[in-house]
>>> print(open('entry.pdb').read())   # PDB, C-alpha atoms, pLDDT in the B column
ATOM      1  CA  MET A   1     -81.762  82.662 -26.321  1.00 49.00           C
ATOM      2  CA  MET A   2     -81.592  80.095 -23.534  1.00 56.00           C
ATOM      3  CA  LYS A   3     -84.883  81.368 -22.096  1.00 63.00           C
ATOM      4  CA  ASP A   4     -86.693  80.797 -25.437  1.00 74.00           C
ATOM      5  CA  THR A   5     -86.049  77.048 -25.460  1.00 76.00           C
ATOM      6  CA  PRO A   6     -88.567  74.909 -23.585  1.00 83.00           C
ATOM      7  CA  LEU A   7     -87.641  73.425 -20.219  1.00 82.00           C
ATOM      8  CA  SER A   8     -87.795  69.854 -21.530  1.00 78.00           C
ATOM      9  CA  GLU A   9     -85.186  70.598 -24.205  1.00 81.00           C
ATOM     10  CA  ARG A  10     -82.869  72.212 -21.675  1.00 79.00           C
ATOM     11  CA  ILE A  11     -83.141  69.167 -19.396  1.00 75.00           C
ATOM     12  CA  LEU A  12     -82.478  66.779 -22.284  1.00 73.00           C
ATOM     13  CA  ARG A  13     -79.459  68.811 -23.380  1.00 76.00           C
ATOM     14  CA  ARG A  14     -77.967  68.534 -19.864  1.00 74.00           C
ATOM     15  CA  TRP A  15     -78.511  64.759 -19.734  1.00 68.00           C
ATOM     16  CA  LYS A  16     -76.960  64.169 -23.162  1.00 71.00           C
ATOM     17  CA  ASN A  17     -73.607  64.997 -21.621  1.00 70.00           C
ATOM     18  CA  ARG A  18     -74.232  62.548 -18.771  1.00 73.00           C
ATOM     19  CA  LYS A  19     -75.265  59.399 -20.623  1.00 72.00           C
ATOM     20  CA  TYR A  20     -73.963  56.917 -18.067  1.00 77.00           C
ATOM     21  CA  ILE A  21     -75.921  58.527 -15.243  1.00 75.00           C
ATOM     22  CA  ALA A  22     -79.049  58.503 -17.387  1.00 73.00           C
ATOM     23  CA  TYR A  23     -78.533  54.820 -18.273  1.00 80.00           C
ATOM     24  CA  PHE A  24     -78.024  54.005 -14.597  1.00 82.00           C
ATOM     25  CA  LEU A  25     -81.251  55.787 -13.614  1.00 81.00           C
ATOM     26  CA  VAL A  26     -83.244  53.994 -16.315  1.00 83.00           C
ATOM     27  CA  ILE A  27     -81.829  50.604 -15.270  1.00 88.00           C
ATOM     28  CA  ALA A  28     -82.510  51.336 -11.576  1.00 86.00           C
ATOM     29  CA  ALA A  29     -86.105  52.326 -12.347  1.00 86.00           C
ATOM     30  CA  ALA A  30     -86.593  49.158 -14.409  1.00 86.00           C
ATOM     31  CA  ALA A  31     -85.112  47.000 -11.619  1.00 84.00           C
ATOM     32  CA  ALA A  32     -87.438  48.606  -9.053  1.00 84.00           C
ATOM     33  CA  ALA A  33     -90.438  47.990 -11.288  1.00 83.00           C
ATOM     34  CA  ILE A  34     -89.473  44.344 -11.820  1.00 83.00           C
ATOM     35  CA  ALA A  35     -88.917  43.837  -8.065  1.00 77.00           C
ATOM     36  CA  GLY A  36     -92.333  45.268  -7.247  1.00 77.00           C
ATOM     37  CA  PHE A  37     -93.960  43.159  -9.949  1.00 76.00           C
ATOM     38  CA  THR A  38     -92.323  39.913  -8.819  1.00 74.00           C
ATOM     39  CA  ASP A  39     -93.268  40.610  -5.186  1.00 66.00           C
ATOM     40  CA  SER A  40     -96.889  41.083  -6.227  1.00 67.00           C
ATOM     41  CA  ILE A  41     -96.814  37.925  -8.334  1.00 68.00           C
ATOM     42  CA  SER A  42     -95.333  35.873  -5.476  1.00 60.00           C
ATOM     43  CA  LYS A  43     -98.051  37.104  -3.086  1.00 61.00           C
ATOM     44  CA  ILE A  44    -100.772  36.262  -5.599  1.00 63.00           C
ATOM     45  CA  PHE A  45     -99.222  32.847  -6.263  1.00 60.00           C
ATOM     46  CA  GLY A  46     -98.909  32.104  -2.525  1.00 58.00           C
ATOM     47  CA  PHE A  47    -102.517  33.134  -1.907  1.00 57.00           C
ATOM     48  CA  ALA A  48    -103.784  31.094  -4.866  1.00 60.00           C
ATOM     49  CA  SER A  49    -101.796  27.997  -3.892  1.00 56.00           C
ATOM     50  CA  ALA A  50    -103.068  28.203  -0.293  1.00 54.00           C
ATOM     51  CA  ILE A  51    -106.626  28.430  -1.567  1.00 54.00           C
ATOM     52  CA  ILE A  52    -106.210  25.536  -3.976  1.00 56.00           C
ATOM     53  CA  SER A  53    -104.307  23.254  -1.611  1.00 55.00           C
ATOM     54  CA  ASP A  54    -106.556  23.877   1.400  1.00 55.00           C
ATOM     55  CA  ASN A  55    -109.904  24.401  -0.353  1.00 57.00           C
ATOM     56  CA  ALA A  56    -110.098  27.846   1.256  1.00 57.00           C
ATOM     57  CA  THR A  57    -112.502  30.599   0.362  1.00 61.00           C
ATOM     58  CA  PRO A  58    -110.953  34.013  -0.304  1.00 60.00           C
ATOM     59  CA  VAL A  59    -112.789  36.792   1.547  1.00 67.00           C
ATOM     60  CA  ILE A  60    -112.949  40.525   1.797  1.00 67.00           C
ATOM     61  CA  ILE A  61    -113.342  41.813   5.343  1.00 73.00           C
ATOM     62  CA  PRO A  62    -115.113  45.161   5.567  1.00 68.00           C
ATOM     63  CA  ASN A  63    -112.710  47.696   7.131  1.00 77.00           C
ATOM     64  CA  ASP A  64    -110.005  44.976   6.784  1.00 83.00           C
ATOM     65  CA  THR A  65    -110.083  43.875  10.427  1.00 89.00           C
ATOM     66  CA  GLY A  66    -112.167  42.435  13.223  1.00 91.00           C
ATOM     67  CA  TRP A  67    -112.044  39.840  16.001  1.00 93.00           C
ATOM     68  CA  ILE A  68    -113.208  36.222  15.844  1.00 95.00           C
ATOM     69  CA  LEU A  69    -113.409  33.625  18.605  1.00 94.00           C
ATOM     70  CA  ALA A  70    -110.893  30.854  17.896  1.00 94.00           C
ATOM     71  CA  GLY A  71    -112.053  28.655  20.793  1.00 94.00           C
ATOM     72  CA  TYR A  72    -111.483  28.017  24.493  1.00 93.00           C
ATOM     73  CA  TYR A  73    -107.989  26.988  25.548  1.00 93.00           C
ATOM     74  CA  ASP A  74    -106.934  25.159  28.714  1.00 90.00           C
ATOM     75  CA  GLU A  75    -103.557  26.360  30.002  1.00 85.00           C
ATOM     76  CA  HIS A  76    -102.830  23.190  32.006  1.00 86.00           C
ATOM     77  CA  SER A  77    -103.375  20.667  29.216  1.00 89.00           C
ATOM     78  CA  GLN A  78    -102.253  23.144  26.524  1.00 89.00           C
ATOM     79  CA  MET A  79    -105.168  22.094  24.355  1.00 91.00           C
ATOM     80  CA  PHE A  80    -108.383  23.596  23.099  1.00 93.00           C
ATOM     81  CA  ILE A  81    -111.339  22.297  25.088  1.00 93.00           C
ATOM     82  CA  GLN A  82    -113.840  23.910  22.738  1.00 92.00           C
ATOM     83  CA  GLY A  83    -112.774  24.484  19.179  1.00 86.00           C
ATOM     84  CA  PRO A  84    -110.449  25.371  17.658  1.00 93.00           C
ATOM     85  CA  TYR A  85    -112.664  26.949  15.034  1.00 95.00           C
ATOM     86  CA  ILE A  86    -109.590  27.759  12.958  1.00 95.00           C
ATOM     87  CA  LYS A  87    -106.662  25.912  11.414  1.00 93.00           C
ATOM     88  CA  VAL A  88    -103.226  27.367  10.671  1.00 92.00           C
ATOM     89  CA  VAL A  89    -102.494  26.731   7.000  1.00 90.00           C
ATOM     90  CA  ARG A  90     -99.462  28.938   6.418  1.00 87.00           C
ATOM     91  CA  SER A  91     -96.807  29.968   8.892  1.00 88.00           C
ATOM     92  CA  SER A  92     -93.348  31.493   8.787  1.00 88.00           C
ATOM     93  CA  TYR A  93     -92.567  30.056  12.240  1.00 90.00           C
ATOM     94  CA  ARG A  94     -90.489  26.869  12.405  1.00 89.00           C
ATOM     95  CA  ASP A  95     -92.218  25.294  15.390  1.00 89.00           C
ATOM     96  CA  LYS A  96     -95.897  24.433  15.622  1.00 88.00           C
ATOM     97  CA  GLN A  97     -97.983  25.904  18.397  1.00 88.00           C
ATOM     98  CA  PRO A  98    -101.569  25.119  19.372  1.00 88.00           C
ATOM     99  CA  LEU A  99    -102.387  28.849  19.373  1.00 92.00           C
ATOM    100  CA  PRO A 100    -102.178  30.982  16.223  1.00 94.00           C
ATOM    101  CA  ARG A 101     -99.497  33.676  15.957  1.00 94.00           C
ATOM    102  CA  ILE A 102     -99.287  37.052  14.258  1.00 94.00           C
ATOM    103  CA  GLY A 103     -98.652  36.757  10.532  1.00 92.00           C
ATOM    104  CA  GLU A 104     -99.956  33.222  10.137  1.00 94.00           C
ATOM    105  CA  TRP A 105    -102.742  32.447   7.714  1.00 92.00           C
ATOM    106  CA  ILE A 106    -105.695  30.590   9.118  1.00 93.00           C
ATOM    107  CA  ARG A 107    -108.652  28.830   7.567  1.00 92.00           C
ATOM    108  CA  ILE A 108    -112.007  29.153   9.280  1.00 92.00           C
ATOM    109  CA  ARG A 109    -113.403  25.733  10.262  1.00 93.00           C
ATOM    110  CA  SER A 110    -116.897  26.946  11.129  1.00 93.00           C
ATOM    111  CA  GLU A 111    -118.694  30.212  10.457  1.00 93.00           C
ATOM    112  CA  ARG A 112    -117.420  33.010  12.729  1.00 93.00           C
ATOM    113  CA  ASN A 113    -118.977  36.356  13.636  1.00 92.00           C
ATOM    114  CA  ILE A 114    -116.714  39.392  13.257  1.00 92.00           C
ATOM    115  CA  VAL A 115    -116.732  41.341  16.520  1.00 91.00           C
ATOM    116  CA  ILE A 116    -115.576  44.861  17.374  1.00 90.00           C
ATOM    117  CA  LEU A 117    -116.485  46.150  20.824  1.00 88.00           C
ATOM    118  CA  ASP A 118    -119.224  48.815  20.830  1.00 87.00           C
ATOM    119  CA  PHE A 119    -119.368  48.696  17.037  1.00 87.00           C
ATOM    120  CA  ALA A 120    -122.988  49.896  16.896  1.00 88.00           C
ATOM    121  CA  THR A 121    -122.292  53.045  18.920  1.00 90.00           C
ATOM    122  CA  LYS A 122    -118.578  53.783  18.485  1.00 88.00           C
ATOM    123  CA  GLY A 123    -117.804  52.274  15.083  1.00 85.00           C
ATOM    124  CA  LEU A 124    -114.158  51.308  14.625  1.00 83.00           C
ATOM    125  CA  THR A 125    -112.774  53.242  17.612  1.00 84.00           C
ATOM    126  CA  ARG A 126    -112.293  50.041  19.668  1.00 85.00           C
ATOM    127  CA  THR A 127    -110.939  47.884  16.846  1.00 83.00           C
ATOM    128  CA  PHE A 128    -107.771  46.948  18.740  1.00 87.00           C
ATOM    129  CA  VAL A 129    -109.464  46.058  22.039  1.00 87.00           C
ATOM    130  CA  PRO A 130    -109.952  42.279  22.431  1.00 88.00           C
ATOM    131  CA  PRO A 131    -113.614  41.310  22.991  1.00 86.00           C
ATOM    132  CA  TRP A 132    -112.889  39.460  26.248  1.00 82.00           C
ATOM    133  CA  GLN A 133    -112.000  42.842  27.774  1.00 76.00           C
ATOM    134  CA  GLN A 134    -115.656  43.934  27.597  1.00 73.00           C
ATOM    135  CA  THR A 135    -116.473  45.567  30.939  1.00 59.00           C
ATOM    136  CA  GLU A 136    -119.633  43.544  31.554  1.00 64.00           C
ATOM    137  CA  GLY A 137    -117.816  40.295  30.757  1.00 67.00           C
ATOM    138  CA  LYS A 138    -120.147  39.327  27.917  1.00 79.00           C
ATOM    139  CA  LEU A 139    -120.709  40.486  24.382  1.00 84.00           C
ATOM    140  CA  LEU A 140    -123.667  42.722  23.637  1.00 85.00           C
ATOM    141  CA  ASP A 141    -125.679  42.913  20.418  1.00 88.00           C
ATOM    142  CA  GLY A 142    -123.873  46.172  19.544  1.00 88.00           C
ATOM    143  CA  ASP A 143    -120.500  44.376  19.548  1.00 88.00           C
ATOM    144  CA  TYR A 144    -121.366  42.239  16.518  1.00 88.00           C
ATOM    145  CA  THR A 145    -120.545  43.924  13.207  1.00 90.00           C
ATOM    146  CA  GLY A 146    -123.134  41.935  11.272  1.00 88.00           C
ATOM    147  CA  TRP A 147    -120.466  40.340   9.084  1.00 89.00           C
ATOM    148  CA  LYS A 148    -119.506  36.686   9.253  1.00 90.00           C
ATOM    149  CA  LEU A 149    -116.578  34.718   7.915  1.00 91.00           C
ATOM    150  CA  PRO A 150    -117.811  31.586   6.164  1.00 91.00           C
ATOM    151  CA  LYS A 151    -116.394  28.136   6.727  1.00 91.00           C
ATOM    152  CA  GLY A 152    -113.283  27.771   4.560  1.00 89.00           C
ATOM    153  CA  ALA A 153    -112.415  31.490   4.553  1.00 90.00           C
ATOM    154  CA  MET A 154    -108.696  32.272   4.518  1.00 89.00           C
ATOM    155  CA  VAL A 155    -107.521  35.202   6.660  1.00 92.00           C
ATOM    156  CA  GLU A 156    -104.307  36.507   8.215  1.00 92.00           C
ATOM    157  CA  VAL A 157    -103.745  36.760  11.976  1.00 95.00           C
ATOM    158  CA  ARG A 158    -103.091  40.355  13.062  1.00 94.00           C
ATOM    159  CA  ASP A 159    -103.362  39.914  16.869  1.00 94.00           C
ATOM    160  CA  VAL A 160    -104.019  37.107  19.353  1.00 94.00           C
ATOM    161  CA  SER A 161    -105.465  37.702  22.808  1.00 91.00           C
ATOM    162  CA  ARG A 162    -106.548  35.373  25.618  1.00 90.00           C
ATOM    163  CA  GLY A 163    -108.640  36.128  28.635  1.00 84.00           C
ATOM    164  CA  SER A 164    -110.611  34.259  31.266  1.00 77.00           C
ATOM    165  CA  PHE A 165    -112.221  34.430  34.652  1.00 72.00           C
ATOM    166  CA  PRO A 166    -110.235  32.773  37.480  1.00 74.00           C
ATOM    167  CA  GLY A 167    -110.324  28.979  37.310  1.00 75.00           C
ATOM    168  CA  ARG A 168    -111.785  28.892  33.791  1.00 79.00           C
ATOM    169  CA  SER A 169    -110.342  28.188  30.371  1.00 84.00           C
ATOM    170  CA  SER A 170    -109.116  31.107  28.268  1.00 88.00           C
ATOM    171  CA  ALA A 171    -111.201  32.500  25.448  1.00 90.00           C
ATOM    172  CA  VAL A 172    -108.825  32.872  22.512  1.00 94.00           C
ATOM    173  CA  TRP A 173    -109.683  35.829  20.298  1.00 93.00           C
ATOM    174  CA  VAL A 174    -107.919  36.479  17.007  1.00 95.00           C
ATOM    175  CA  ARG A 175    -107.935  39.807  15.201  1.00 94.00           C
ATOM    176  CA  VAL A 176    -107.890  38.967  11.522  1.00 94.00           C
ATOM    177  CA  GLY A 177    -107.468  40.736   8.236  1.00 89.00           C
ATOM    178  CA  VAL A 178    -107.403  39.842   4.569  1.00 84.00           C
ATOM    179  CA  ALA A 179    -104.558  37.414   3.781  1.00 77.00           C
ATOM    180  CA  ARG A 180    -101.926  39.141   1.629  1.00 69.00           C
TER     181      ARG A 180
END
>>> encode(input="entry.pdb", output="structure tokens")
Amino acid sequence: MMKDTPLSERILRRWKNRKYIAYFLVIAAAAAAIAGFTDSISKIFGFASAIISDNATPVIIPNDTGWILAGYYDEHSQMFIQGPYIKVVRSSYRDKQPLPRIGEWIRIRSERNIVILDFATKGLTRTFVPPWQQTEGKLLDGDYTGWKLPKGAMVEVRDVSRGSFPGRSSAVWVRVGVAR
């Protein structure tokens, strides 16, 4: 007779005897759903407030990553000598630094090309290699993805890399992604 009853009825019959466990599971599931919802709302609110307060343009980055040139930085004076073409608008770090750091949100001050080394021939395989590490020492046409970030775009810093020839200022490259 037990085999004739559907599985769902047998499961419900078992849980009727364990009401408190069932209540606990329902409350835990509801709490998890509320926590996920509030986290999403806070991210949306933070993104919207950054856009409104800084007149930033939200963007979608194809493949969600790429490198942009932030400017040229002089180690001795600890200042940008060309640029910066970005501005930090949101940071979880207490102290201010002239160079951006991972996790900060930046606003683009002038249009920036998105660069991935050898993009035309190798696609995304060199996504995590900073452009200043190009073997010839200069960017080639195949390194440009064809996408640009407009002035005012808001993005998140994923990596920061500096490189230079001896006696010259550092090129500061920032790998960016969509601000979340």
>>> resolve_selection(input="entry.pdb", expression="the PyMOL selection byres ((chain A and resi 89-93) around 6)", output="ChimeraX atom specification")
/A:88,94-95,104-106
>>> atom_distance(input="entry.pdb", atom1="atom CA of A:Pro150", atom2="atom CA of A:Gln78")
27.0 Å
>>> atom_distance(input="entry.pdb", atom1="atom CA of A:Ala179", atom2="atom CA of A:Ile68")
14.9 Å
>>> atom_distance(input="entry.pdb", atom1="atom CA of A:Trp147", atom2="atom CA of A:Tyr73")
24.6 Å
>>> closest_residue(input="entry.pdb", among="A:Lys96, A:Lys19, A:Lys122, A:Arg112", to="A:Arg175", atoms="all atoms listed in the file")
A:Arg112
>>> residues_around(input="entry.pdb", residues="stretch 123-132 of chain A", least_positions_apart="6", cutoff="6 Å", atoms="all atoms listed in the file", output="number ranges by chain")
A: 116-117, 163
>>> resolve_selection(input="entry.pdb", expression="the PyMOL selection byres ((chain A and resi 98) around 8)", output="list in words")
Gln78, Met79, Phe80, Lys96, Gln97, Leu99 and Pro100 of chain A
>>> write_last_selection(input="entry.pdb", atoms="C-alpha atoms", output="PDB file, keeping the file's coordinate frame")
ATOM      1  CA  GLN A  78    -102.253  23.144  26.524  1.00 89.00           C
ATOM      2  CA  MET A  79    -105.168  22.094  24.355  1.00 91.00           C
ATOM      3  CA  PHE A  80    -108.383  23.596  23.099  1.00 93.00           C
ATOM      4  CA  LYS A  96     -95.897  24.433  15.622  1.00 88.00           C
ATOM      5  CA  GLN A  97     -97.983  25.904  18.397  1.00 88.00           C
ATOM      6  CA  LEU A  99    -102.387  28.849  19.373  1.00 92.00           C
ATOM      7  CA  PRO A 100    -102.178  30.982  16.223  1.00 94.00           C
TER       8      PRO A 100
END
>>> residues_near_point(input="entry.pdb", point="(-122.0, 41.9, 10.4)", cutoff="12 Å", atoms="all atoms listed in the file", output="JSON list (two decimals) with C-alpha atoms, in the coordinates of the input")
[["chain", "number", "residue", "atom", "x", "y", "z"],
["A", 61, "ILE", "CA", -113.34, 41.81, 5.34],
["A", 62, "PRO", "CA", -115.11, 45.16, 5.57],
["A", 63, "ASN", "CA", -112.71, 47.70, 7.13],
["A", 66, "GLY", "CA", -112.17, 42.44, 13.22],
["A", 67, "TRP", "CA", -112.04, 39.84, 16.00],
["A", 68, "ILE", "CA", -113.21, 36.22, 15.84],
["A", 112, "ARG", "CA", -117.42, 33.01, 12.73],
["A", 113, "ASN", "CA", -118.98, 36.36, 13.64],
["A", 114, "ILE", "CA", -116.71, 39.39, 13.26],
["A", 115, "VAL", "CA", -116.73, 41.34, 16.52],
["A", 116, "ILE", "CA", -115.58, 44.86, 17.37],
["A", 119, "PHE", "CA", -119.37, 48.70, 17.04],
["A", 120, "ALA", "CA", -122.99, 49.90, 16.90],
["A", 141, "ASP", "CA", -125.68, 42.91, 20.42],
["A", 142, "GLY", "CA", -123.87, 46.17, 19.54],
["A", 143, "ASP", "CA", -120.50, 44.38, 19.55],
["A", 144, "TYR", "CA", -121.37, 42.24, 16.52],
["A", 145, "THR", "CA", -120.54, 43.92, 13.21],
["A", 146, "GLY", "CA", -123.13, 41.94, 11.27],
["A", 147, "TRP", "CA", -120.47, 40.34, 9.08],
["A", 148, "LYS", "CA", -119.51, 36.69, 9.25],
["A", 149, "LEU", "CA", -116.58, 34.72, 7.92],
["A", 150, "PRO", "CA", -117.81, 31.59, 6.16]]
>>> closest_residue(input="entry.pdb", among="A:Thr65, A:Ser8, A:Gln133, A:Ser77", to="A:Val174", atoms="only C-alpha atoms")
A:Thr65
>>> closest_residue(input="entry.pdb", among="A:Ala171, A:Gln134, A:Met154, A:Gly177", to="A:Leu69", atoms="only C-alpha atoms")
A:Ala171
>>> closest_residue(input="entry.pdb", among="A:Asn17, A:Gln82, A:Thr5, A:Ser110", to="A:Ala153", atoms="all atoms listed in the file")
A:Ser110
>>> closest_residue(input="entry.pdb", among="A:Ile102, A:Ala32, A:Val172, A:Ala22", to="A:Ile86", atoms="only C-alpha atoms")
A:Val172
>>> axis_aligned_box(input="entry.pdb", around="stretch 5-19 of chain A", padding_each_side="8 Å", output="JSON")
{"center_x": -81.1, "center_y": 68.2, "center_z": -22.1, "size_x": 31.0, "size_y": 33.6, "size_z": 22.7}
>>> closest_residue(input="entry.pdb", among="A:Ile108, A:Leu140, A:Arg101, A:Arg18", to="A:Val157", atoms="all atoms listed in the file")
A:Arg101
